[in-house]
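Colleague: Next comes the structure file entry_36.tsv, holding TSV, C-alpha atoms.
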chain	number	residue	atom	x	y	z
A	27	MET	CA	-26.87	4.60	-5.56
A	28	SER	CA	-23.89	5.14	-3.24
A	29	SER	CA	-24.93	8.08	-1.06
A	30	ASP	CA	-21.38	9.01	-0.13
A	31	LEU	CA	-20.47	9.61	-3.80
A	32	GLN	CA	-23.56	11.67	-4.55
A	33	GLY	CA	-22.59	15.29	-5.10
A	34	GLN	CA	-18.86	14.65	-5.18
A	35	LEU	CA	-16.78	15.81	-8.15
A	36	ALA	CA	-14.55	13.41	-10.07
A	37	LEU	CA	-11.98	14.31	-12.71
A	38	VAL	CA	-11.33	11.37	-15.06
A	39	THR	CA	-8.52	11.51	-17.63
A	40	GLY	CA	-8.61	9.61	-20.92
A	41	ALA	CA	-12.38	9.42	-20.60
A	42	ALA	CA	-13.51	9.75	-24.21
A	43	ARG	CA	-13.82	5.98	-24.59
A	44	GLY	CA	-12.90	2.62	-23.14
A	45	ILE	CA	-12.11	2.15	-19.45
A	46	GLY	CA	-12.05	5.87	-18.67
A	47	ARG	CA	-15.47	6.49	-20.13
A	48	HIS	CA	-16.94	3.52	-18.29
A	49	ILE	CA	-15.47	4.61	-14.95
A	50	ALA	CA	-16.96	8.07	-15.51
A	51	GLU	CA	-20.32	6.52	-16.38
A	52	ARG	CA	-20.22	4.27	-13.32
A	53	LEU	CA	-19.44	7.17	-10.98
A	54	ALA	CA	-22.21	9.26	-12.53
A	55	ARG	CA	-24.67	6.43	-11.81
A	56	ASP	CA	-23.79	6.86	-8.14
A	57	GLY	CA	-24.66	10.55	-8.34
A	58	CYS	CA	-21.11	11.79	-8.72
A	59	ARG	CA	-20.53	14.85	-10.89
A	60	VAL	CA	-17.92	13.90	-13.45
A	61	VAL	CA	-15.54	15.98	-15.56
A	62	LEU	CA	-14.35	13.85	-18.46
A	63	THR	CA	-11.03	14.92	-19.97
A	64	ASP	CA	-9.26	13.69	-23.06
A	65	LEU	CA	-6.89	14.79	-25.79
A	66	ASP	CA	-9.70	14.20	-28.32
A	67	ALA	CA	-11.95	17.20	-27.68
A	68	ALA	CA	-14.80	16.12	-29.96
A	69	ALA	CA	-14.90	12.54	-28.65
A	70	VAL	CA	-14.85	13.54	-25.00
A	71	GLN	CA	-17.65	16.06	-25.58
A	72	ARG	CA	-19.76	13.30	-27.16
A	73	ALA	CA	-19.03	11.02	-24.21
A	74	ALA	CA	-20.05	13.68	-21.69
A	75	THR	CA	-23.24	14.42	-23.61
A	76	ASP	CA	-24.12	10.73	-23.62
A	77	LEU	CA	-23.61	10.51	-19.84
A	78	GLY	CA	-26.11	13.28	-19.16
A	79	GLU	CA	-26.46	16.26	-16.88
A	80	LEU	CA	-23.95	15.13	-14.25
A	81	ALA	CA	-21.13	15.02	-16.83
A	82	SER	CA	-19.10	17.74	-18.51
A	83	ALA	CA	-16.16	17.62	-20.92
A	84	LEU	CA	-12.78	19.26	-20.97
A	85	ALA	CA	-10.07	18.87	-23.61
A	86	MET	CA	-6.78	18.22	-21.82
A	87	ASP	CA	-3.39	16.77	-22.73
A	88	VAL	CA	-1.85	15.01	-19.71
A	89	ARG	CA	1.60	15.54	-21.24
A	90	ASP	CA	1.22	19.30	-20.83
A	91	ARG	CA	1.75	20.35	-17.22
A	92	HIS	CA	0.66	23.95	-17.76
A	93	ALA	CA	-2.52	22.87	-19.53
A	94	ILE	CA	-3.38	20.60	-16.59
A	95	THR	CA	-2.82	23.41	-14.09
A	96	VAL	CA	-5.14	25.68	-16.07
A	97	ALA	CA	-7.74	22.92	-16.44
A	98	VAL	CA	-7.72	22.06	-12.74
A	99	GLU	CA	-8.05	25.73	-11.78
A	100	ARG	CA	-11.03	26.00	-14.12
A	101	VAL	CA	-12.71	22.90	-12.68
A	102	VAL	CA	-12.16	24.05	-9.09
A	103	GLY	CA	-13.44	27.52	-10.00
A	104	GLU	CA	-16.63	26.06	-11.49
A	105	HIS	CA	-17.29	23.24	-9.02
A	106	GLY	CA	-15.51	24.27	-5.82
A	107	ALA	CA	-13.30	21.22	-5.33
A	108	ILE	CA	-12.11	17.97	-6.90
A	109	ASP	CA	-12.95	15.05	-4.61
A	110	ILE	CA	-11.80	12.22	-6.86
A	111	LEU	CA	-8.99	12.05	-9.43
A	112	VAL	CA	-8.89	9.07	-11.79
A	113	ASN	CA	-5.62	8.86	-13.72
A	114	ASN	CA	-6.67	6.69	-16.64
A	115	ALA	CA	-5.09	8.33	-19.72
A	116	GLY	CA	-2.46	6.09	-21.26
A	117	LEU	CA	-0.72	4.85	-24.37
A	118	LEU	CA	0.00	1.27	-25.41
A	119	ALA	CA	3.38	0.09	-26.71
A	120	GLN	CA	3.74	-3.21	-28.56
A	121	GLY	CA	6.39	-5.36	-30.14
A	122	PRO	CA	9.96	-6.31	-29.15
A	123	PHE	CA	11.94	-3.76	-27.13
A	124	HIS	CA	14.06	-2.64	-30.10
A	125	ALA	CA	10.94	-1.79	-32.12
A	126	THR	CA	10.19	1.25	-29.92
A	127	ASP	CA	12.31	4.24	-30.94
A	128	GLY	CA	13.33	7.12	-28.71
A	129	ALA	CA	10.49	9.40	-29.76
A	130	ALA	CA	7.87	6.72	-29.08
A	131	TRP	CA	9.43	6.03	-25.67
A	132	ASP	CA	9.39	9.73	-24.79
A	133	ASP	CA	5.70	9.94	-25.69
A	134	LEU	CA	4.88	6.77	-23.73
A	135	LEU	CA	6.71	8.05	-20.67
A	136	ALA	CA	5.16	11.52	-20.96
A	137	THR	CA	1.65	10.07	-21.09
A	138	ASN	CA	1.73	7.06	-18.79
A	139	VAL	CA	4.09	8.34	-16.10
A	140	SER	CA	4.48	12.11	-16.31
A	141	GLY	CA	0.74	12.43	-16.96
A	142	VAL	CA	0.03	10.90	-13.56
A	143	TYR	CA	2.70	13.11	-11.98
A	144	HIS	CA	1.26	16.29	-13.52
A	145	CYS	CA	-2.31	15.51	-12.48
A	146	VAL	CA	-1.40	14.55	-8.92
A	147	GLN	CA	0.75	17.65	-8.54
A	148	ALA	CA	-2.17	19.80	-9.66
A	149	VAL	CA	-4.96	18.14	-7.67
A	150	ALA	CA	-3.50	16.57	-4.52
A	151	PRO	CA	-2.49	19.76	-2.65
A	152	SER	CA	-6.09	21.01	-2.48
A	153	MET	CA	-7.26	17.56	-1.37
A	154	ALA	CA	-4.65	17.54	1.39
A	155	ALA	CA	-5.63	21.06	2.45
A	156	ARG	CA	-9.27	19.95	2.79
A	157	GLY	CA	-8.27	16.76	4.61
A	158	ARG	CA	-10.01	14.39	2.21
A	159	GLY	CA	-9.83	13.00	-1.31
A	160	ASN	CA	-9.32	9.94	-3.47
A	161	ILE	CA	-6.80	9.29	-6.20
A	162	LEU	CA	-7.23	6.21	-8.37
A	163	ASN	CA	-4.54	5.23	-10.89
A	164	VAL	CA	-5.13	2.78	-13.73
A	165	ALA	CA	-2.06	0.57	-14.06
A	166	SER	CA	-1.89	-2.89	-15.69
A	167	VAL	CA	-1.00	-6.49	-14.94
A	168	SER	CA	1.89	-5.78	-17.33
A	169	ALA	CA	3.52	-4.00	-14.38
A	170	ALA	CA	3.97	-7.33	-12.61
A	171	ARG	CA	5.39	-9.13	-15.63
A	172	GLY	CA	7.45	-6.51	-17.42
A	173	GLY	CA	5.00	-6.52	-20.30
A	174	GLY	CA	2.25	-8.91	-21.21
A	175	SER	CA	0.06	-10.42	-23.88
A	176	VAL	CA	-0.43	-7.09	-25.67
A	177	GLY	CA	1.72	-4.39	-24.05
A	178	ASN	CA	5.48	-4.77	-24.33
A	179	VAL	CA	8.35	-4.32	-21.87
A	180	TRP	CA	8.28	-0.52	-22.15
A	181	TYR	CA	4.55	-0.40	-21.50
A	182	GLY	CA	5.02	-2.68	-18.51
A	183	ALA	CA	7.80	-0.45	-17.18
A	184	THR	CA	5.61	2.65	-17.29
A	185	LYS	CA	2.78	0.86	-15.51
A	186	ALA	CA	5.19	-0.42	-12.86
A	187	ALA	CA	6.09	3.22	-12.25
A	188	VAL	CA	2.39	3.97	-11.73
A	189	VAL	CA	2.19	1.22	-9.10
A	190	ALA	CA	5.27	2.60	-7.31
A	191	MET	CA	3.82	6.11	-7.35
A	192	THR	CA	0.55	4.78	-5.96
A	193	GLN	CA	2.28	3.19	-2.97
A	194	GLY	CA	4.48	6.19	-2.25
A	195	LEU	CA	1.67	8.70	-2.59
A	196	ALA	CA	-0.53	6.66	-0.26
A	197	ARG	CA	2.20	6.81	2.36
A	198	GLU	CA	2.68	10.57	2.01
A	199	LEU	CA	-0.93	11.62	1.59
A	200	GLY	CA	-2.57	9.20	4.03
A	201	PRO	CA	-1.90	11.39	7.08
A	202	LYS	CA	-3.66	14.21	5.23
A	203	GLY	CA	-6.82	12.16	4.67
A	204	VAL	CA	-6.18	11.33	0.99
A	205	ARG	CA	-6.38	7.72	-0.18
A	206	VAL	CA	-4.46	6.52	-3.25
A	207	ASN	CA	-5.04	3.17	-4.95
A	208	ALA	CA	-4.44	1.51	-8.30
A	209	ILE	CA	-6.31	-0.93	-10.49
A	210	SER	CA	-4.34	-3.30	-12.72
A	211	PRO	CA	-6.56	-4.78	-15.43
A	212	ALA	CA	-5.58	-7.62	-17.69
A	213	VAL	CA	-6.59	-7.22	-21.34
A	214	VAL	CA	-9.96	-5.45	-21.36
A	215	ASP	CA	-12.41	-6.21	-24.14
A	216	THR	CA	-12.96	-2.70	-25.51
A	217	ASP	CA	-13.37	-1.29	-29.00
A	218	MET	CA	-9.88	0.21	-28.76
A	219	MET	CA	-8.35	-3.18	-28.00
A	220	LYS	CA	-10.11	-5.06	-30.80
A	221	PRO	CA	-7.61	-4.04	-33.55
A	222	HIS	CA	-4.81	-5.56	-31.44
A	223	LEU	CA	-6.61	-8.86	-30.84
A	224	ASP	CA	-7.05	-11.37	-33.65
A	225	ASP	CA	-8.84	-14.65	-32.88
A	226	ARG	CA	-5.57	-16.51	-32.27
A	227	LEU	CA	-4.29	-14.03	-29.71
A	228	ARG	CA	-7.69	-13.72	-28.02
A	229	ASP	CA	-7.87	-17.51	-27.62
A	230	ALA	CA	-4.29	-17.66	-26.34
A	231	ILE	CA	-5.01	-15.04	-23.68
A	232	THR	CA	-8.32	-16.47	-22.47
A	233	THR	CA	-6.77	-19.96	-22.24
A	234	ARG	CA	-4.31	-18.59	-19.65
A	235	ILE	CA	-7.03	-16.88	-17.58
A	236	PRO	CA	-8.61	-19.21	-14.99
A	237	LEU	CA	-12.00	-17.50	-15.33
A	238	GLY	CA	-11.83	-18.09	-19.07
A	239	ARG	CA	-12.64	-14.65	-20.49
A	240	LEU	CA	-11.22	-11.20	-21.07
A	241	ALA	CA	-11.89	-8.42	-18.58
A	242	GLN	CA	-14.92	-6.28	-19.33
A	243	ARG	CA	-15.21	-2.54	-18.73
A	244	ARG	CA	-17.78	-3.16	-16.01
A	245	ASP	CA	-15.25	-5.27	-14.08
A	246	VAL	CA	-12.98	-2.24	-13.83
A	247	GLY	CA	-15.78	0.27	-13.32
A	248	GLU	CA	-17.35	-1.57	-10.39
A	249	LEU	CA	-14.02	-1.85	-8.59
A	250	ALA	CA	-13.24	1.81	-9.27
A	251	ALA	CA	-16.55	2.95	-7.79
A	252	TRP	CA	-15.95	0.85	-4.68
A	253	LEU	CA	-12.39	2.04	-4.16
A	254	VAL	CA	-13.33	5.73	-4.16
A	255	SER	CA	-16.37	5.21	-1.93
A	256	ASP	CA	-16.55	5.14	1.85
A	257	ALA	CA	-16.99	1.38	1.66
A	258	ALA	CA	-13.22	1.28	1.06
A	259	ALA	CA	-12.42	3.92	3.67
A	260	PHE	CA	-9.51	1.93	5.15
A	261	VAL	CA	-8.04	0.85	1.80
A	262	THR	CA	-5.05	2.78	0.49
A	263	GLY	CA	-1.73	2.05	-1.19
A	264	GLN	CA	-3.20	-1.02	-2.87
A	265	ASN	CA	-2.81	-2.24	-6.43
A	266	ILE	CA	-5.71	-4.58	-7.22
A	267	ALA	CA	-5.53	-6.83	-10.26
A	268	VAL	CA	-8.67	-7.27	-12.35
A	269	ASP	CA	-7.34	-10.24	-14.29
A	270	GLY	CA	-9.56	-13.28	-13.79
A	271	GLY	CA	-6.69	-14.99	-11.99
A	272	LEU	CA	-4.06	-14.44	-14.70
A	273	LEU	CA	-1.28	-13.51	-12.28
A	274	CYS	CA	-1.92	-16.72	-10.35
A	275	THR	CA	-0.87	-18.87	-13.32
Just give me the structure of the file as structure tokens.
Modeller:
Amino acid sequence: MSSDLQGQLALVTGAARGIGRHIAERLARDGCRVVLTDLDAAAVQRAATDLGELASALAMDVRDRHAITVAVERVVGEHGAIDILVNNAGLLAQGPFHATDGAAWDDLLATNVSGVYHCVQAVAPSMAARGRGNILNVASVSAARGGGSVGNVWYGATKAAVVAMTQGLARELGPKGVRVNAISPAVVDTDMMKPHLDDRLRDAITTRIPLGRLAQRRDVGELAAWLVSDAAAFVTGQNIAVDGGLLCT
């Protein structure tokens, strides 16, 4: 157990399942109190119940700035402070660029980009005032390639924005004691991803990855726990790929 995470409070968005749930679970294993948030109220409550006494659930839509403000005020009122913010909530866009209509683009942008903006705006000021805090953004290797094996150009563009925000926020918040980093996974083998991966596509992706497999949730969770711990105390403004070497090919 990482003693420096024990007793801290983490707010994790998009935590009902997949990467977000696993990051929350990993932090809880290190003794961190975790507030799991998600648009799906029933699913996030089940996830929090499964994680045990250190976890609680909160229904929250990252597209709704007012709802986030209210949620953050509630969490701070109940727990005193938010030490760690994990911006994981996101949508996937697929297909050629012309297949995404204006409404789908607006929703993608509102979730993947504005969602990060809203959460940082709500949480970062109190971190800065206390002189400490960690913000971790979940981006994607699609940011480096303008899309990828599953996400398309629009998805890649939103994740590139997350990387840019990470670097800029690290520069602005560093003097106030707040670290900001990003994780960029390749395709992660989760239940949510399975409908998008037939055997042909799975084989095509793993063939291009030097380590010869898809990313697992634990690969992301272990890195996340390290980045928000004191072991990474001098690491900020970084975007670390969890891709098995994909970007090297």
Colleague: Tell me which of A:Val102, A:Leu135, A:Ala67, A:Val206 sits closest to Thr262 of chain A, counting all atoms listed in the file.
Modeller: A:Val206
Colleague: Using only C-alpha atoms, can you tell me which of A:Gly200, A:Gly44, A:Gly128, A:Gly106 comes closest to Val246 of chain A?
Modeller: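 When distances to Val246 of chain A are compared using only C-alpha atoms, the smallest one comes from A:Gly44.
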Colleague: Of the candidates A:Val167, A:Leu118, A:Leu162, A:Ala186, which one gets nearest to Val254 of chain A if we count all atoms listed in the file?
Modeller: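 Smallest separation from Val254 of chain A among the options: A:Leu162.
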Colleague: A:Val88, A:Ala74, A:Val268, A:Ala258: which is nearest Asp133 of chain A, counting all atoms listed in the file?
Modeller: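 Ranked by minimum distance to Asp133 of chain A, first place goes to A:Val88.
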Colleague: So which residues touch Gln147 of chain A within 10 Å, counting only C-alpha atoms, skipping near sequence neighbours fewer than 6 positions away, as a PyMOL selection string?
Modeller: chain A and resi 91+94-95+141
Colleague: Between A:Gly263, A:Gly238, A:Gly270, A:Gly33, which has the minimum distance to Ala196 of chain A (counting only C-alpha atoms)?
Modeller: A:Gly263
Colleague: I want to know what sits within 12 Å of Asp132 of chain A, based on all atoms listed in the file, with residues of the same chain fewer than 4 positions away left out; could you give that as a ChimeraX atom specification?
Modeller: /A:89,117,119,126-128,136-141,180-181,184
Colleague: Find the residue from A:Ala169, A:Ala187, A:Leu111, A:Leu134 that sits nearest to Leu273 of chain A; use only C-alpha atoms when measuring.
Modeller: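 Checking each of A:Ala169, A:Ala187, A:Leu111, A:Leu134 against Leu273 of chain A, counting only C-alpha atoms, the winner is A:Ala169.
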